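For reference, the structure is listed below as structure tokens.
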Amino acid sequence: MKANGTTVKEILANVPEERAEAFNRLHQTIIENLPEGFEAAISYGGLGYVVPHSLYPSGYHCKPEEPLPFAGIASQKNSVNLYHMGIYSDPELMKWFTEEYPKHSKRKLDMGKSCIRFKKTQDIPFELIGELMKKMTVQDWVNIYESNLKK
């Protein structure tokens, strides 16, 4: 599901009313906890958190004109989703997150490779997501990304 808008501000303004408060709070939590260098941007038509070309000129190898994606959020048909490429790429970070999640939520973790789905907005563990965002610097992410490209 493609986001409704072509700027970060438009996407945030066009989230369905019943999800707007939680979605905007999720965005704010991410922004407040992102390490220096990452920035909010349109990434693949949605709201992403990226390594800008000014820090990583090569961009994303699949589409070099796009900045290197790191995370993203989306309001999908049945859930609000958080996408975090670091979890997918770093087994230690995945282990930490899956062990911490039950301490922050009564719900079972609904997760794909990099996608964490929240079917009920009141179940979003904002504090845990803030901690997650702090766990990887831009340089950490670029190093992991490049090492995985070489494999």
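Ordering of the structure tokens sets the chain letters (A, B, ...), residue numbers begin anew at 1 in every chain, and ligands are numbered from 1 in the order given.
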Name the residues of chain A that fall into alpha helix (DSSP H) according to DSSP on the backbone, using the chain letters and numbers of this document, as number ranges by chain. A: 8-13, 17-33, 85-89, 91-104, 126-134, 138-150
Name the residues in contact with Trp141 of chain A at a cut-off of 8 Å, using only C-alpha atoms, excluding same-chain residues fewer than 5 positions from it; report them as a ChimeraX atom specification. /A:70,86,136
I'd like the neighbourhood of Pro91 of chain A as a VMD selection string, where a residue qualifies if any of its atoms comes within 12 Å (using only C-alpha atoms), though same-chain residues fewer than 5 positions away should be ignored. chain A and resid 85 to 86 96 to 98 113 to 114 144
Quick one: DSSP strand (DSSP E) residues in chain A, as a ChimeraX atom specification? /A:39-43,46-51,68-75,80-84,115-118
Kindly save the residues from that selection, with N, CA, C and O atoms included, as a JSON list (two decimals), in the first residue's frame.
[["chain", "number", "residue", "atom", "x", "y", "z"],
["A", 39, "GLU", "N", 17.88, 10.58, 8.35],
["A", 39, "GLU", "CA", 16.85, 11.61, 8.22],
["A", 39, "GLU", "C", 15.56, 11.01, 7.67],
["A", 39, "GLU", "O", 15.57, 9.98, 6.99],
["A", 40, "ALA", "N", 14.46, 11.65, 8.02],
["A", 40, "ALA", "CA", 13.15, 11.25, 7.49],
["A", 40, "ALA", "C", 13.08, 11.71, 6.04],
["A", 40, "ALA", "O", 13.51, 12.81, 5.71],
["A", 41, "ALA", "N", 12.52, 10.85, 5.19],
["A", 41, "ALA", "CA", 12.43, 11.16, 3.77],
["A", 41, "ALA", "C", 11.40, 10.25, 3.12],
["A", 41, "ALA", "O", 10.93, 9.29, 3.72],
["A", 42, "ILE", "N", 11.06, 10.56, 1.90],
["A", 42, "ILE", "CA", 10.25, 9.65, 1.11],
["A", 42, "ILE", "C", 11.19, 8.56, 0.61],
["A", 42, "ILE", "O", 12.23, 8.86, 0.01],
["A", 43, "SER", "N", 10.84, 7.33, 0.88],
["A", 43, "SER", "CA", 11.66, 6.19, 0.48],
["A", 43, "SER", "C", 10.74, 5.15, -0.13],
["A", 43, "SER", "O", 9.85, 4.64, 0.55],
["A", 46, "GLY", "N", 7.06, 5.76, 0.38],
["A", 46, "GLY", "CA", 6.52, 5.77, 1.74],
["A", 46, "GLY", "C", 7.38, 6.61, 2.66],
["A", 46, "GLY", "O", 8.35, 7.25, 2.24],
["A", 47, "LEU", "N", 7.03, 6.59, 3.93],
["A", 47, "LEU", "CA", 7.77, 7.36, 4.94],
["A", 47, "LEU", "C", 8.94, 6.52, 5.42],
["A", 47, "LEU", "O", 8.76, 5.46, 6.01],
["A", 48, "GLY", "N", 10.13, 6.99, 5.11],
["A", 48, "GLY", "CA", 11.33, 6.24, 5.47],
["A", 48, "GLY", "C", 12.30, 7.06, 6.29],
["A", 48, "GLY", "O", 12.19, 8.29, 6.39],
["A", 49, "TYR", "N", 13.25, 6.36, 6.83],
["A", 49, "TYR", "CA", 14.34, 6.95, 7.60],
["A", 49, "TYR", "C", 15.59, 6.41, 6.94],
["A", 49, "TYR", "O", 15.80, 5.19, 6.89],
["A", 50, "VAL", "N", 16.38, 7.30, 6.38],
["A", 50, "VAL", "CA", 17.41, 6.91, 5.42],
["A", 50, "VAL", "C", 18.77, 7.51, 5.76],
["A", 50, "VAL", "O", 18.87, 8.47, 6.54],
["A", 51, "VAL", "N", 19.79, 6.96, 5.11],
["A", 51, "VAL", "CA", 21.11, 7.57, 5.10],
["A", 51, "VAL", "C", 21.13, 8.42, 3.83],
["A", 51, "VAL", "O", 21.07, 7.88, 2.72],
["A", 68, "LEU", "N", 20.01, 5.42, 0.92],
["A", 68, "LEU", "CA", 20.08, 4.11, 1.54],
["A", 68, "LEU", "C", 19.00, 3.97, 2.62],
["A", 68, "LEU", "O", 19.02, 4.67, 3.62],
["A", 69, "PRO", "N", 18.02, 3.06, 2.43],
["A", 69, "PRO", "CA", 16.96, 2.91, 3.43],
["A", 69, "PRO", "C", 17.48, 2.25, 4.69],
["A", 69, "PRO", "O", 18.36, 1.40, 4.65],
["A", 70, "PHE", "N", 16.91, 2.64, 5.80],
["A", 70, "PHE", "CA", 17.25, 2.05, 7.10],
["A", 70, "PHE", "C", 15.98, 1.55, 7.80],
["A", 70, "PHE", "O", 15.94, 0.45, 8.31],
["A", 71, "ALA", "N", 14.96, 2.38, 7.84],
["A", 71, "ALA", "CA", 13.71, 2.03, 8.52],
["A", 71, "ALA", "C", 12.57, 2.74, 7.80],
["A", 71, "ALA", "O", 12.79, 3.61, 6.96],
["A", 72, "GLY", "N", 11.37, 2.37, 8.15],
["A", 72, "GLY", "CA", 10.20, 3.01, 7.57],
["A", 72, "GLY", "C", 8.96, 2.65, 8.36],
["A", 72, "GLY", "O", 8.96, 1.70, 9.13],
["A", 73, "ILE", "N", 7.91, 3.44, 8.17],
["A", 73, "ILE", "CA", 6.62, 3.12, 8.78],
["A", 73, "ILE", "C", 5.54, 3.28, 7.72],
["A", 73, "ILE", "O", 5.69, 4.07, 6.78],
["A", 74, "ALA", "N", 4.49, 2.50, 7.88],
["A", 74, "ALA", "CA", 3.40, 2.54, 6.91],
["A", 74, "ALA", "C", 2.09, 2.19, 7.59],
["A", 74, "ALA", "O", 2.05, 1.37, 8.51],
["A", 75, "SER", "N", 1.04, 2.83, 7.13],
["A", 75, "SER", "CA", -0.31, 2.48, 7.55],
["A", 75, "SER", "C", -0.87, 1.56, 6.47],
["A", 75, "SER", "O", -1.22, 2.02, 5.39],
["A", 80, "VAL", "N", -0.47, -1.05, 11.40],
["A", 80, "VAL", "CA", 0.59, -0.05, 11.27],
["A", 80, "VAL", "C", 1.87, -0.86, 11.33],
["A", 80, "VAL", "O", 2.06, -1.68, 12.23],
["A", 81, "ASN", "N", 2.75, -0.65, 10.35],
["A", 81, "ASN", "CA", 3.96, -1.45, 10.25],
["A", 81, "ASN", "C", 5.21, -0.61, 10.44],
["A", 81, "ASN", "O", 5.29, 0.51, 9.93],
["A", 82, "LEU", "N", 6.16, -1.19, 11.14],
["A", 82, "LEU", "CA", 7.50, -0.63, 11.27],
["A", 82, "LEU", "C", 8.44, -1.56, 10.53],
["A", 82, "LEU", "O", 8.42, -2.77, 10.75],
["A", 83, "TYR", "N", 9.22, -0.99, 9.63],
["A", 83, "TYR", "CA", 10.22, -1.76, 8.89],
["A", 83, "TYR", "C", 11.59, -1.30, 9.39],
["A", 83, "TYR", "O", 11.86, -0.11, 9.43],
["A", 84, "HIS", "N", 12.42, -2.26, 9.78],
["A", 84, "HIS", "CA", 13.74, -1.91, 10.32],
["A", 84, "HIS", "C", 14.77, -2.87, 9.71],
["A", 84, "HIS", "O", 14.83, -4.04, 10.08],
["A", 115, "CYS", "N", 9.81, -6.53, 9.10],
["A", 115, "CYS", "CA", 8.52, -5.86, 9.30],
["A", 115, "CYS", "C", 7.90, -6.28, 10.63],
["A", 115, "CYS", "O", 7.74, -7.47, 10.90],
["A", 116, "ILE", "N", 7.56, -5.29, 11.43],
["A", 116, "ILE", "CA", 6.86, -5.53, 12.70],
["A", 116, "ILE", "C", 5.48, -4.93, 12.54],
["A", 116, "ILE", "O", 5.34, -3.74, 12.25],
["A", 117, "ARG", "N", 4.45, -5.76, 12.67],
["A", 117, "ARG", "CA", 3.07, -5.33, 12.45],
["A", 117, "ARG", "C", 2.35, -5.11, 13.78],
["A", 117, "ARG", "O", 2.41, -5.95, 14.67],
["A", 118, "PHE", "N", 1.63, -3.99, 13.84],
["A", 118, "PHE", "CA", 0.82, -3.66, 15.01],
["A", 118, "PHE", "C", -0.62, -3.54, 14.54],
["A", 118, "PHE", "O", -1.00, -2.54, 13.91]]
Report, in Å with one decimal, the straight-line distance from atom CA of Ile11 of chain A to atom CA of Asn24 of chain A.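 Between atom CA of Ile11 of chain A and atom CA of Asn24 of chain A the gap works out to 9.8 Å.
Minimum atom-to-atom distance to Gly130 of chain A, evaluated using only C-alpha atoms, belongs to A:Leu34 out of A:Met111, A:Pro64, A:Leu34, A:Ser105.
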Go through A:Leu128, A:Tyr88, A:Lys120, A:Cys62 one by one, measure the shortest atom-to-atom distance of each to Tyr101 of chain A using only C-alpha atoms, and give the residue with the smallest value.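 When distances to Tyr101 of chain A are compared using only C-alpha atoms, the smallest one comes from A:Leu128.
Proximity of A:Pro52, A:Pro102, A:Pro35, A:Gly112 to Lys135 of chain A, computed with only C-alpha atoms, is greatest for A:Pro35.
Compared by their closest atoms to Phe38 of chain A, and using only C-alpha atoms, the residues A:Glu127, A:Asp140, A:Glu65, A:Glu18 rank with A:Asp140 nearest.
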What does the distance between atom CA of Leu55 of chain A and atom CA of Lys134 of chain A come to in Å, to one decimal place? 18.3 Å
May I ask for the distance between atom CA of Ile30 of chain A and atom CA of Met133 of chain A, given in Å to one decimal place?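 Taking atom CA of Ile30 of chain A and atom CA of Met133 of chain A, their separation equals 6.4 Å.
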Could you list, as a list in words, every residue within 10 Å of Leu12 of chain A, counting only C-alpha atoms and ignoring same-chain residues fewer than 5 positions away? Ala3, Asn4, Gly5, Thr7, Ala20, Glu21, Phe23, Asn24, His27 and Leu47 of chain A
Selected residues written out with all heavy atoms, as a PDB file, in the first residue's frame:
ATOM      1  N   ALA A   3       1.937   5.129   0.327  1.00  0.00           N
ATOM      2  CA  ALA A   3       1.526   6.224   1.201  1.00  0.00           C
ATOM      3  C   ALA A   3       0.808   7.300   0.399  1.00  0.00           C
ATOM      4  O   ALA A   3       1.066   7.503  -0.778  1.00  0.00           O
ATOM      5  CB  ALA A   3       2.746   6.807   1.897  1.00  0.00           C
ATOM      6  N   ASN A   4      -0.073   8.010   1.080  1.00  0.00           N
ATOM      7  CA  ASN A   4      -0.837   9.084   0.458  1.00  0.00           C
ATOM      8  C   ASN A   4      -0.111  10.405   0.705  1.00  0.00           C
ATOM      9  O   ASN A   4      -0.301  11.048   1.722  1.00  0.00           O
ATOM     10  CB  ASN A   4      -2.254   9.113   1.041  1.00  0.00           C
ATOM     11  CG  ASN A   4      -3.171  10.067   0.309  1.00  0.00           C
ATOM     12  OD1 ASN A   4      -2.782  10.658  -0.694  1.00  0.00           O
ATOM     13  ND2 ASN A   4      -4.370  10.211   0.809  1.00  0.00           N
ATOM     14  N   GLY A   5       0.751  10.782  -0.250  1.00  0.00           N
ATOM     15  CA  GLY A   5       1.509  12.026  -0.144  1.00  0.00           C
ATOM     16  C   GLY A   5       2.862  11.891  -0.798  1.00  0.00           C
ATOM     17  O   GLY A   5       3.362  10.791  -1.001  1.00  0.00           O
ATOM     18  N   THR A   7       5.459  14.110   0.343  1.00  0.00           N
ATOM     19  CA  THR A   7       6.420  14.651   1.304  1.00  0.00           C
ATOM     20  C   THR A   7       6.134  13.999   2.653  1.00  0.00           C
ATOM     21  O   THR A   7       5.047  13.449   2.882  1.00  0.00           O
ATOM     22  CB  THR A   7       6.294  16.178   1.466  1.00  0.00           C
ATOM     23  OG1 THR A   7       5.020  16.482   2.065  1.00  0.00           O
ATOM     24  CG2 THR A   7       6.441  16.903   0.133  1.00  0.00           C
ATOM     25  N   ALA A  20      -4.122   8.163  13.045  1.00  0.00           N
ATOM     26  CA  ALA A  20      -3.267   9.350  12.938  1.00  0.00           C
ATOM     27  C   ALA A  20      -2.472   9.629  14.208  1.00  0.00           C
ATOM     28  O   ALA A  20      -1.270   9.886  14.145  1.00  0.00           O
ATOM     29  CB  ALA A  20      -4.099  10.562  12.546  1.00  0.00           C
ATOM     30  N   GLU A  21      -3.118   9.587  15.344  1.00  0.00           N
ATOM     31  CA  GLU A  21      -2.421   9.916  16.594  1.00  0.00           C
ATOM     32  C   GLU A  21      -1.271   8.948  16.851  1.00  0.00           C
ATOM     33  O   GLU A  21      -0.139   9.360  17.119  1.00  0.00           O
ATOM     34  CB  GLU A  21      -3.392   9.904  17.773  1.00  0.00           C
ATOM     35  CG  GLU A  21      -2.754  10.331  19.075  1.00  0.00           C
ATOM     36  CD  GLU A  21      -3.737  10.354  20.237  1.00  0.00           C
ATOM     37  OE1 GLU A  21      -4.965  10.451  20.025  1.00  0.00           O
ATOM     38  OE2 GLU A  21      -3.262  10.284  21.380  1.00  0.00           O
ATOM     39  N   PHE A  23       0.208   6.864  14.703  1.00  0.00           N
ATOM     40  CA  PHE A  23       1.181   6.908  13.607  1.00  0.00           C
ATOM     41  C   PHE A  23       2.115   8.108  13.770  1.00  0.00           C
ATOM     42  O   PHE A  23       3.331   7.976  13.639  1.00  0.00           O
ATOM     43  CB  PHE A  23       0.447   6.976  12.264  1.00  0.00           C
ATOM     44  CG  PHE A  23       1.327   6.733  11.080  1.00  0.00           C
ATOM     45  CD1 PHE A  23       1.547   5.445  10.610  1.00  0.00           C
ATOM     46  CD2 PHE A  23       1.928   7.791  10.411  1.00  0.00           C
ATOM     47  CE1 PHE A  23       2.358   5.215   9.504  1.00  0.00           C
ATOM     48  CE2 PHE A  23       2.738   7.574   9.306  1.00  0.00           C
ATOM     49  CZ  PHE A  23       2.956   6.279   8.853  1.00  0.00           C
ATOM     50  N   ASN A  24       1.544   9.262  14.075  1.00  0.00           N
ATOM     51  CA  ASN A  24       2.365  10.464  14.272  1.00  0.00           C
ATOM     52  C   ASN A  24       3.252  10.330  15.506  1.00  0.00           C
ATOM     53  O   ASN A  24       4.391  10.782  15.504  1.00  0.00           O
ATOM     54  CB  ASN A  24       1.483  11.709  14.344  1.00  0.00           C
ATOM     55  CG  ASN A  24       1.080  12.185  12.968  1.00  0.00           C
ATOM     56  OD1 ASN A  24       1.809  12.909  12.318  1.00  0.00           O
ATOM     57  ND2 ASN A  24      -0.079  11.748  12.489  1.00  0.00           N
ATOM     58  N   HIS A  27       6.141   8.117  14.473  1.00  0.00           N
ATOM     59  CA  HIS A  27       7.107   8.927  13.705  1.00  0.00           C
ATOM     60  C   HIS A  27       7.939   9.796  14.651  1.00  0.00           C
ATOM     61  O   HIS A  27       9.168   9.850  14.538  1.00  0.00           O
ATOM     62  CB  HIS A  27       6.362   9.801  12.686  1.00  0.00           C
ATOM     63  CG  HIS A  27       7.211  10.847  12.061  1.00  0.00           C
ATOM     64  ND1 HIS A  27       8.213  10.558  11.159  1.00  0.00           N
ATOM     65  CD2 HIS A  27       7.215  12.206  12.221  1.00  0.00           C
ATOM     66  CE1 HIS A  27       8.801  11.691  10.795  1.00  0.00           C
ATOM     67  NE2 HIS A  27       8.211  12.699  11.413  1.00  0.00           N
ATOM     68  N   LEU A  47       7.034   6.594   3.929  1.00  0.00           N
ATOM     69  CA  LEU A  47       7.766   7.358   4.937  1.00  0.00           C
ATOM     70  C   LEU A  47       8.939   6.522   5.423  1.00  0.00           C
ATOM     71  O   LEU A  47       8.760   5.458   6.014  1.00  0.00           O
ATOM     72  CB  LEU A  47       6.838   7.721   6.092  1.00  0.00           C
ATOM     73  CG  LEU A  47       7.427   8.519   7.235  1.00  0.00           C
ATOM     74  CD1 LEU A  47       8.199   9.742   6.747  1.00  0.00           C
ATOM     75  CD2 LEU A  47       6.336   8.952   8.194  1.00  0.00           C
TER      76      LEU A  47
END
